[in-house]
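Okay, so here's the structure we're looking at.
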Amino acid sequence: MKKLALIYWPKGGSVEHAAKIIKEKLTDFSVSFLCVEDISADQLSDFDVFIFGGSTVGADYWSNKETEMAWRPFFAEMEQKNTRLDGKKGALLGLGNQVLYPDNFVDDMMYMKKKLEAAGLQIIGETSTDGYAFNESKAIVDDKFVGLALDEDSEPELTNQRIDSWLSNISGKL
Ligand SMILES: Cc1cc2nc3c(=O)[nH]c(=O)nc-3n(C[C@H](O)[C@H](O)[C@H](O)COP(=O)(O)O)c2cc1C
């Protein structure tokens, strides 16, 4: 059984909630459920495949309060230690709110994609934008989200089916 690291941040909100649902459904993998605050970049070498889950909390907010965003120090540690994930695959989960932030919906999935691809990880699991209502997102390549976009604020009733359809698509590819 492949060892999958389901790495999320922050704790206690919609990201953790969605990540827990995903964890329960990942029956074909040996899953480690890890908050990014609690791991070091060195641990990544223990795993075969990855899911990284985070939320978008706004570019201004991030740049003003960098230290509050736990992904930044983690990716900085990866860069500093030259952590390599070549030959491995991963998928992205992004929480956002398309009603309040229609011009930046789940933007930060793209931030994660760039950081992880720079370390050699192959990102899979892009999804259709059909069924969402927003204006712009930085997390789109070739008309598709670069991972699974979830909106627990305004469409929580769709979360379960979006997760099911995403997992059925990626499970055999990871
Ligand atoms: C200060 C703040 C800024 C946000 N900015 C964005 C945004 O730019 N784009 C977006 O899609 N969602 C944005 N959101 C919505 C969150 O991503 C959404 O509520 C998410 O579910 C939060 O998950 P968490 O509680 O696990 O952090 C923002 C939320 C807050 C509180």
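Residues are named by chain letter and number: chains run A, B, ... in the order of the structure tokens, numbers start at 1 in each chain, and ligands are numbered from 1 in the order shown.
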
Per-residue nearest contacts of chain A to ligand 1 (8 Å; only C-alpha atoms and all ligand atoms) as a Markdown table:
| residue | atom | partner | partner_atom_place_in_ligand_line | distance |
| --- | --- | --- | --- | --- |
| A:Trp9 | CA | ligand 1 | 26 (O) | 6.9 |
| A:Pro10 | CA | ligand 1 | 26 (O) | 5.3 |
| A:Lys11 | CA | ligand 1 | 26 (O) | 6.6 |
| A:Gly12 | CA | ligand 1 | 26 (O) | 6.6 |
| A:Gly13 | CA | ligand 1 | 25 (O) | 3.6 |
| A:Ser14 | CA | ligand 1 | 26 (O) | 3.8 |
| A:Val15 | CA | ligand 1 | 26 (O) | 3.8 |
| A:Glu16 | CA | ligand 1 | 26 (O) | 6.0 |
| A:His17 | CA | ligand 1 | 26 (O) | 7.6 |
| A:Gly54 | CA | ligand 1 | 26 (O) | 6.8 |
| A:Ser55 | CA | ligand 1 | 17 (O) | 4.4 |
| A:Thr56 | CA | ligand 1 | 17 (O) | 4.1 |
| A:Val57 | CA | ligand 1 | 4 (C) | 3.4 |
| A:Gly58 | CA | ligand 1 | 8 (O) | 3.7 |
| A:Ala59 | CA | ligand 1 | 8 (O) | 6.6 |
| A:Tyr61 | CA | ligand 1 | 1 (C) | 6.4 |
| A:Gly94 | CA | ligand 1 | 17 (O) | 7.9 |
| A:Leu95 | CA | ligand 1 | 21 (O) | 4.8 |
| A:Gly96 | CA | ligand 1 | 11 (O) | 3.2 |
| A:Asn97 | CA | ligand 1 | 12 (N) | 4.1 |
| A:Gln98 | CA | ligand 1 | 11 (O) | 5.5 |
| A:Leu100 | CA | ligand 1 | 12 (N) | 7.2 |
| A:Tyr101 | CA | ligand 1 | 9 (N) | 4.8 |
| A:Pro102 | CA | ligand 1 | 11 (O) | 6.9 |
| A:Asp103 | CA | ligand 1 | 9 (N) | 7.5 |
| A:Asn104 | CA | ligand 1 | 9 (N) | 4.5 |
| A:Phe105 | CA | ligand 1 | 11 (O) | 3.3 |
| A:Val106 | CA | ligand 1 | 11 (O) | 4.0 |
| A:Asp107 | CA | ligand 1 | 9 (N) | 6.1 |
| A:Asp108 | CA | ligand 1 | 9 (N) | 7.8 |
| A:Leu150 | CA | ligand 1 | 21 (O) | 7.7 |
| A:Asp151 | CA | ligand 1 | 21 (O) | 6.1 |
| A:Glu152 | CA | ligand 1 | 21 (O) | 5.4 |
| A:Asp153 | CA | ligand 1 | 19 (O) | 5.8 |

Show me, as a PDB file with all heavy atoms, in the first residue's frame, the residues that have an atom within 8 Å of Asn169 of chain A when counting only C-alpha atoms, minus same-chain residues fewer than 4 positions from it.
ATOM      1  N   GLY A 125      -4.574  15.934 -10.681  1.00  0.00           N
ATOM      2  CA  GLY A 125      -5.857  16.143 -10.017  1.00  0.00           C
ATOM      3  C   GLY A 125      -6.506  17.472 -10.310  1.00  0.00           C
ATOM      4  O   GLY A 125      -7.249  18.005  -9.480  1.00  0.00           O
ATOM      5  N   SER A 165     -15.980  12.771  -6.490  1.00  0.00           N
ATOM      6  CA  SER A 165     -15.661  12.745  -7.912  1.00  0.00           C
ATOM      7  C   SER A 165     -14.157  12.975  -8.133  1.00  0.00           C
ATOM      8  O   SER A 165     -13.537  12.329  -8.987  1.00  0.00           O
ATOM      9  CB  SER A 165     -16.559  13.767  -8.616  1.00  0.00           C
ATOM     10  OG  SER A 165     -15.880  14.599  -9.427  1.00  0.00           O
ATOM     11  N   LYS A 173      -4.281   7.347 -10.091  1.00  0.00           N
ATOM     12  CA  LYS A 173      -3.168   8.066 -10.743  1.00  0.00           C
ATOM     13  C   LYS A 173      -2.065   8.447  -9.774  1.00  0.00           C
ATOM     14  O   LYS A 173      -0.963   8.787 -10.191  1.00  0.00           O
ATOM     15  CB  LYS A 173      -3.700   9.338 -11.413  1.00  0.00           C
ATOM     16  CG  LYS A 173      -4.683   9.058 -12.545  1.00  0.00           C
ATOM     17  CD  LYS A 173      -5.220  10.352 -13.142  1.00  0.00           C
ATOM     18  CE  LYS A 173      -6.321  10.074 -14.146  1.00  0.00           C
ATOM     19  NZ  LYS A 173      -7.164  11.246 -14.409  1.00  0.00           N
TER      20      LYS A 173
END

Inset, instruction - Would you kindly return, as a PyMOL selection string, each protein, DNA or RNA residue with an atom no farther than 9 Å from any atom of Glu126 of chain A, considering only C-alpha atoms and excluding same-chain residues fewer than 2 positions away? - result: chain A and resi 91-92+123-124+128+140-141+144-148+166

Inset, instruction - Would you please work out which residue, of A:Asp42, A:Ala139, A:Thr159, A:Arg84, is nearest to Tyr111 of chain A when using only C-alpha atoms? - result: A:Ala139

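Interatomic distance, atom CA of Gly120 of chain A to atom CA of Gly90 of chain A: 10.4 Å.
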
Inset, instruction - Point out the residue among A:Val99, A:Ile170, A:Ile163, A:Met69 with the least atom-to-atom distance to Lys25 of chain A, counting only C-alpha atoms. - result: A:Ile163

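Of the residues under consideration (A:Leu174, A:Lys81, A:Ala18, A:Asp38), A:Ala18 shows the shortest atom-to-atom contact distance to Leu158 of chain A when counting only C-alpha atoms.
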
Inset, instruction - Report the residues of chain A whose backbone DSSP state falls under alpha helix (DSSP H), written as a ChimeraX atom specification. - result: /A:14-25,59-64,71-81,108-118,159-170

Legend entry - All residues 8 Å or closer to segment 27-34 of chain A, only C-alpha atoms, same chain fewer than 6 positions away omitted, as a PyMOL selection string: chain A and resi 1-8+171

Could the residues in this selection be written to a file with C-alpha atoms, as a tab-separated table (two decimals), in the first residue's frame?
chain	number	residue	atom	x	y	z
A	1	MET	CA	0.00	0.00	0.00
A	2	LYS	CA	1.40	3.40	-0.93
A	3	LYS	CA	2.16	5.81	1.89
A	4	LEU	CA	0.21	9.03	1.40
A	5	ALA	CA	0.84	12.19	3.39
A	6	LEU	CA	-2.27	14.35	3.67
A	7	ILE	CA	-0.72	17.64	4.74
A	8	TYR	CA	-3.02	20.53	5.65
A	171	SER	CA	-6.91	7.53	-6.75

As a compact mmCIF listing (two decimals) with C-alpha atoms, in the first residue's frame, please: the residues near Ala70 of chain A (cut-off 7 Å, only C-alpha atoms, same-chain neighbours under 2 positions excluded).
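Writing done, so here's out_11.txt:
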# COMPACT_ATOMS: atom_id res chain seq x y z
CA VAL A 36 2.13 21.40 8.28
CA GLU A 37 2.97 23.16 11.54
CA GLU A 68 1.05 33.77 10.51
CA ARG A 72 5.67 29.95 4.07
CA PRO A 73 8.18 28.70 6.65
CA PHE A 74 7.58 25.14 5.51

Legend entry - Selected residue, from A:Leu167, A:Ala41, A:Ala119, A:Ala133, that lies nearest to Lys23 of chain A when counting only C-alpha atoms: A:Leu167

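Within segment 29-93 of chain A, residues classed as strand (DSSP E) by DSSP on backbone coordinates are A:Ser30, A:Val31, A:Ser32, A:Phe33, A:Leu34, A:Cys35, A:Val49, A:Phe50, A:Ile51, A:Phe52, A:Gly53, A:Gly54, A:Ser55, A:Lys89, A:Gly90, A:Ala91, A:Leu92, A:Leu93.
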
Legend entry - Of the listed residues A:Met109, A:Ile21, A:Ile39, A:Leu26, that which approaches Gly53 of chain A most closely, counting only C-alpha atoms: A:Met109

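Each of A:Ile22, A:Cys35, A:Leu121, A:Met112 was checked against Arg162 of chain A using only C-alpha atoms; the smallest atom-to-atom distance is that of A:Ile22.
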